[in-house]
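Contents: one structure, followed by commentary.
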Amino acid sequence: MNKKNNEDSKIDLKTYAATQRKLIDQALNGFLPRGSVRPKTLHKSMRYSLFAGGKRLRPILCLAAAEACGGKIDQAMPAACAVECIHTYSLIHDDLPCMDDDDIRRGKPTNHKVFGESVAVLAGDALLTLAFEIVGESNPNRRYDIGDIIKELAITSGSKHLVGGQVLDIEGENANIGPKGLRFIHESKTAALLTCSLRLGAMSAAATPKKLEALTNFGHSTGLAFQIIDDILDVTQTSEKLGKSAGKDEAVNKSTYPAIHGLNKSRREAAKLTETAINSLKIFGKSGARLKELAHYLLDRDY
Ligand code: GRG
């Protein structure tokens, strides 16, 4: 690809992502109770973190998966908003003093710094619950009903994935969990939510079992690559650029890819995983082009 084409495709993805982000934000705004609704503090706190400037990668992947499966964005939007609510809840709770104890997130003071710990815990709880209310508004189709969608979201959020992964993460601090232990944590947390986002998009489009399986594999590999890059950026970028505290992993002696494998091997592993992810898109032919671009973006991102 020559430089001009390369730049064009970058602009294309940038425009696509900006358009999707706007649609997602509009939909989220409609699903969230207004800040003027009682209890005002709680709703303001939920909105504060949700609209603090996240990249919206999970909902964008959800909508792109739906499109790759021939579905419509409107059908996938409830699931896209639900995964962003769950992601934001996990960030609020992860930042609490009893967890990672962070002061900045999405370039702003963390939720508990602004609203206090009690409201931050409850805002996270309410966002998690709201996710289920939102997917309750999805339309069933010939392959998947609302029960399938709710189960997908519940399994991802629960003790075997997000919450369980968080427990292993906490237990792994100052412990030698090794490469396998680290990979399992990343599979349980980051890769699980990314995979769920893609699967829900596919399910909203009545994807065939083969396409659903392909997106599950794509999510697993891109999800791991995404987390490796996140670990690398923690070492190589500034807090200003990331919008969250850089260098935190090393400061708390956390096992990460760069800590275990070094930066170069970690980069190579992320690139290899991205290649594996892209290979799993073969079944989609040309319809998989946007997901392929997104996988490259996740690998090459600098924040
Ligand atoms: C249940 C408390 C609880 C946690 C579950 C997902 C998770 C486990 C914790 C979230 C904290 C965390 C640092 C997870 C790693 C995933 C990750 C890289 C999050 C940042 O995602 P981005 O870069 O963030 O997409 P934005 O702010 O752009 O949405």
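Lettering and numbering for the structure tokens are positional, with chains as A, B, ... in the shown order, residues counted from 1 in each chain, and ligands counted from 1 in the shown order.
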Query - Within 8 Å of ligand 1, counting only C-alpha atoms and all ligand atoms, residues as a VMD selection string - result: chain A and resid 53 to 58 84 87 to 95 99 105 to 106 157 162 to 166 186 189 to 190 193 226 to 227 230 to 231 243 303
Segment 119-237 of chain A near segment 271-290 of chain A within 9 Å: what's each residue's closest atom pair and its distance in Å to one decimal, counting only C-alpha atoms, ordered by chain then ascending residue number, as JSON lines?
{"residue": "A:Lys210", "atom": "CA", "partner": "A:Ile283", "partner_atom": "CA", "distance": 8.3}
{"residue": "A:Lys211", "atom": "CA", "partner": "A:Ile283", "partner_atom": "CA", "distance": 7.0}
{"residue": "A:Ala214", "atom": "CA", "partner": "A:Ser280", "partner_atom": "CA", "distance": 5.5}
{"residue": "A:Leu215", "atom": "CA", "partner": "A:Leu281", "partner_atom": "CA", "distance": 7.3}
{"residue": "A:Asn217", "atom": "CA", "partner": "A:Ser280", "partner_atom": "CA", "distance": 6.5}
{"residue": "A:Phe218", "atom": "CA", "partner": "A:Ala277", "partner_atom": "CA", "distance": 4.3}
{"residue": "A:Gly219", "atom": "CA", "partner": "A:Ala277", "partner_atom": "CA", "distance": 7.3}
{"residue": "A:His220", "atom": "CA", "partner": "A:Ala277", "partner_atom": "CA", "distance": 7.8}
{"residue": "A:Ser221", "atom": "CA", "partner": "A:Ala277", "partner_atom": "CA", "distance": 5.2}
{"residue": "A:Thr222", "atom": "CA", "partner": "A:Thr274", "partner_atom": "CA", "distance": 5.7}
{"residue": "A:Gly223", "atom": "CA", "partner": "A:Leu273", "partner_atom": "CA", "distance": 9.0}
{"residue": "A:Leu224", "atom": "CA", "partner": "A:Leu273", "partner_atom": "CA", "distance": 7.3}
{"residue": "A:Ala225", "atom": "CA", "partner": "A:Leu273", "partner_atom": "CA", "distance": 5.8}
{"residue": "A:Phe226", "atom": "CA", "partner": "A:Thr274", "partner_atom": "CA", "distance": 8.9}
Requested in this report: Have a look at A:Lys244, A:Arg38, A:Lys254, A:Arg183 and name the one nearest to Glu269 of chain A; count only C-alpha atoms.
Outcome: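 Of A:Lys244, A:Arg38, A:Lys254, A:Arg183, the one nearest Glu269 of chain A is A:Arg183, counting only C-alpha atoms.
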Query raised in the report: Pick the closest to Ala64 of chain A from A:Leu13, A:Val83, A:Leu198, A:Ala191: which is it, counting only C-alpha atoms?
Result: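 With only C-alpha atoms as the atom set, the closest residue is A:Leu198.
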**Report entry** Distance query Ala251 of chain A at most 12 Å, only C-alpha atoms, self and fewer than 2 positions along chain excluded, as a list in words
**Finding:**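 So, after excluding close chain neighbours, the residues are Asp100, Glu173, Asn174, Asp234, Val235, Ser245, Ala246, Gly247, Lys248, Asp249, Asn253, Lys254, Ser255, Thr256 and Ala259 of chain A.
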Would you write out those residues with all heavy atoms, as a short mmCIF file (atom, residue, chain, number, x, y, z; two decimals), in the first residue's frame?
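Dumped everything to again.cif:
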data_model
loop_
_atom_site.label_atom_id
_atom_site.label_comp_id
_atom_site.auth_asym_id
_atom_site.auth_seq_id
_atom_site.Cartn_x
_atom_site.Cartn_y
_atom_site.Cartn_z
N ASP A 100 -7.26 -0.59 42.74
CA ASP A 100 -6.00 -0.02 42.23
C ASP A 100 -5.66 1.35 42.82
O ASP A 100 -4.55 1.84 42.63
CB ASP A 100 -6.03 0.09 40.71
CG ASP A 100 -5.49 -1.17 40.05
OD1 ASP A 100 -5.16 -2.11 40.79
OD2 ASP A 100 -5.40 -1.22 38.81
N GLU A 173 -0.88 -9.61 42.80
CA GLU A 173 0.05 -8.51 43.11
C GLU A 173 1.13 -9.01 44.05
O GLU A 173 0.84 -9.70 45.04
CB GLU A 173 -0.71 -7.35 43.76
CG GLU A 173 -1.27 -6.40 42.72
CD GLU A 173 -2.11 -5.29 43.29
OE1 GLU A 173 -1.90 -4.90 44.45
OE2 GLU A 173 -3.01 -4.83 42.56
N ASN A 174 2.36 -8.67 43.78
CA ASN A 174 3.50 -9.12 44.57
C ASN A 174 3.64 -10.64 44.63
O ASN A 174 4.25 -11.17 45.54
CB ASN A 174 3.43 -8.57 46.00
CG ASN A 174 3.64 -7.07 46.02
OD1 ASN A 174 4.60 -6.58 45.44
ND2 ASN A 174 2.72 -6.36 46.63
N ASP A 234 1.62 1.48 29.34
CA ASP A 234 1.79 1.87 30.75
C ASP A 234 3.27 2.18 31.05
O ASP A 234 3.57 3.01 31.89
CB ASP A 234 1.28 0.73 31.66
CG ASP A 234 1.35 1.11 33.13
OD1 ASP A 234 0.49 1.89 33.56
OD2 ASP A 234 2.28 0.65 33.83
N VAL A 235 4.16 1.50 30.33
CA VAL A 235 5.60 1.69 30.54
C VAL A 235 6.15 2.81 29.66
O VAL A 235 7.06 3.53 30.04
CB VAL A 235 6.38 0.38 30.20
CG1 VAL A 235 7.86 0.52 30.48
CG2 VAL A 235 5.81 -0.81 30.94
N SER A 245 -3.04 7.02 35.22
CA SER A 245 -1.67 7.02 35.77
C SER A 245 -0.77 6.03 35.05
O SER A 245 -1.01 4.82 35.12
CB SER A 245 -1.68 6.65 37.25
OG SER A 245 -2.77 7.23 37.89
N ALA A 246 0.25 6.56 34.37
CA ALA A 246 1.23 5.68 33.71
C ALA A 246 2.23 5.16 34.75
O ALA A 246 2.37 5.74 35.83
CB ALA A 246 1.96 6.46 32.62
N GLY A 247 2.88 4.06 34.44
CA GLY A 247 3.92 3.52 35.32
C GLY A 247 3.38 2.86 36.58
O GLY A 247 4.13 2.48 37.48
N LYS A 248 2.07 2.70 36.62
CA LYS A 248 1.43 2.18 37.83
C LYS A 248 1.77 0.70 38.06
O LYS A 248 1.99 0.28 39.19
CB LYS A 248 -0.09 2.35 37.64
CG LYS A 248 -0.96 2.20 38.85
CD LYS A 248 -0.89 3.37 39.79
CE LYS A 248 -1.39 3.05 41.18
NZ LYS A 248 -2.79 2.67 41.23
N ASP A 249 1.81 -0.06 36.95
CA ASP A 249 2.03 -1.51 37.07
C ASP A 249 3.36 -1.81 37.77
O ASP A 249 3.42 -2.63 38.68
CB ASP A 249 2.01 -2.18 35.69
CG ASP A 249 0.65 -2.05 35.02
OD1 ASP A 249 -0.33 -1.81 35.74
OD2 ASP A 249 0.58 -2.19 33.79
N ASN A 253 4.45 -3.42 41.50
CA ASN A 253 5.08 -4.72 41.28
C ASN A 253 4.11 -5.73 40.65
O ASN A 253 4.07 -6.90 41.05
CB ASN A 253 5.62 -5.25 42.61
CG ASN A 253 6.74 -6.25 42.39
OD1 ASN A 253 7.26 -6.37 41.28
ND2 ASN A 253 7.09 -6.98 43.44
N LYS A 254 3.35 -5.23 39.67
CA LYS A 254 2.34 -6.08 39.03
C LYS A 254 2.98 -6.91 37.92
O LYS A 254 3.86 -6.42 37.20
CB LYS A 254 1.29 -5.17 38.42
CG LYS A 254 -0.05 -5.81 38.21
CD LYS A 254 -1.08 -4.74 37.92
CE LYS A 254 -2.40 -5.33 37.57
NZ LYS A 254 -3.42 -4.33 37.43
N SER A 255 2.53 -8.16 37.77
CA SER A 255 3.01 -8.97 36.65
C SER A 255 2.34 -8.44 35.38
O SER A 255 1.12 -8.33 35.33
CB SER A 255 2.59 -10.43 36.83
OG SER A 255 3.28 -10.99 37.91
N THR A 256 3.15 -8.09 34.39
CA THR A 256 2.62 -7.63 33.11
C THR A 256 3.43 -8.30 32.01
O THR A 256 4.48 -8.89 32.29
CB THR A 256 2.80 -6.10 32.95
OG1 THR A 256 4.20 -5.82 32.94
CG2 THR A 256 2.10 -5.31 34.04
N ALA A 259 6.92 -6.80 31.92
CA ALA A 259 7.70 -7.20 33.10
C ALA A 259 8.19 -8.64 32.96
O ALA A 259 9.32 -8.96 33.33
CB ALA A 259 6.87 -7.03 34.36
#
Report task. Just the residues within 12 Å of Leu28 of chain A, please, counting only C-alpha atoms, with nothing from its chain fewer than 3 positions along; format it as an MDAnalysis selection string. Result -> chainID A and resid 21:25 31:34 46:47 50:51 56 59 77:85 88 127 130:131 134
Write a file of the just-selected residues containing C-alpha atoms, as a short mmCIF file (atom, residue, chain, number, x, y, z; two decimals), in the first residue's frame.
data_model
loop_
_atom_site.label_atom_id
_atom_site.label_comp_id
_atom_site.auth_asym_id
_atom_site.auth_seq_id
_atom_site.Cartn_x
_atom_site.Cartn_y
_atom_site.Cartn_z
CA ARG A 21 -18.74 7.24 18.66
CA LYS A 22 -21.29 10.03 18.09
CA LEU A 23 -24.12 7.53 17.55
CA ILE A 24 -23.07 5.53 20.62
CA ASP A 25 -22.92 8.67 22.77
CA PHE A 31 -30.49 5.22 28.04
CA LEU A 32 -29.01 7.03 31.05
CA PRO A 33 -31.32 8.78 33.51
CA ARG A 34 -30.74 12.56 33.40
CA MET A 46 -22.85 7.59 36.48
CA ARG A 47 -22.87 10.21 33.71
CA LEU A 50 -19.60 7.37 31.21
CA PHE A 51 -19.13 10.67 29.37
CA ARG A 56 -15.73 3.53 22.98
CA PRO A 59 -19.26 -0.61 21.43
CA MET A 77 -27.02 -0.47 19.64
CA PRO A 78 -28.55 -1.69 22.95
CA ALA A 79 -25.82 -4.34 23.27
CA ALA A 80 -23.14 -1.79 22.29
CA CYS A 81 -24.34 0.60 25.02
CA ALA A 82 -24.62 -2.23 27.55
CA VAL A 83 -20.98 -3.30 27.11
CA GLU A 84 -19.83 0.30 27.51
CA CYS A 85 -21.84 0.58 30.77
CA THR A 88 -17.27 1.94 32.74
CA LEU A 127 -24.19 0.99 35.57
CA LEU A 130 -28.47 -0.65 33.75
CA ALA A 131 -26.61 -2.76 31.18
CA ILE A 134 -30.73 -1.84 28.23
#
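Residue nearest His112 of chain A within the list A:Thr129, A:Ala206, A:Ser45, A:Glu67: A:Ser45 [criterion: smallest interatomic distance, only C-alpha atoms].
Taking atom CA of Tyr48 of chain A and atom CA of Asn29 of chain A as endpoints, the distance between them is 11.6 Å.
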Report task. Any chance you could list, as a ChimeraX atom specification, the residues in segment 68-281 of chain A that come up helix (DSSP H, G or I) when DSSP is run on the backbone? Result -> /A:68,73-94,111-115,117-135,146-157,162-171,178-204,209-236,239-242,248-251,257-261,263-279
Report task. List the neighbours of Val114 of chain A out to 12 Å using only C-alpha atoms; skip same-chain residues closer than 2 positions along the sequence, and give me the result as a VMD selection string. Result -> chain A and resid 41 to 42 44 to 46 48 to 49 92 96 103 to 105 108 to 112 116 to 120
Requested in this report: Quick one: pull the distance between atom CA of Asp101 of chain A and atom CA of Ile260 of chain A, Å, one decimal.
Outcome: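 Interatomic distance, atom CA of Asp101 of chain A to atom CA of Ile260 of chain A: 23.3 Å.
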**Report entry** Residues within 12 Å of Ala207 of chain A, only C-alpha atoms, excluding chain neighbours under 6 positions, as a list in words
**Finding:** Ala65, Ala66, Glu67, Ala68, Cys69, Gly70, Gly71, Lys72, Ala76, Asn141, Arg142, Arg143, Tyr144, Leu198, Arg199, Leu200, Gly201, Glu213, Ala214, Leu215, Thr216, Ile283 and Phe284 of chain A
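Computed from the coordinates, the atom CA of Glu152 of chain A to atom CA of Val135 of chain A distance equals 10.7 Å.
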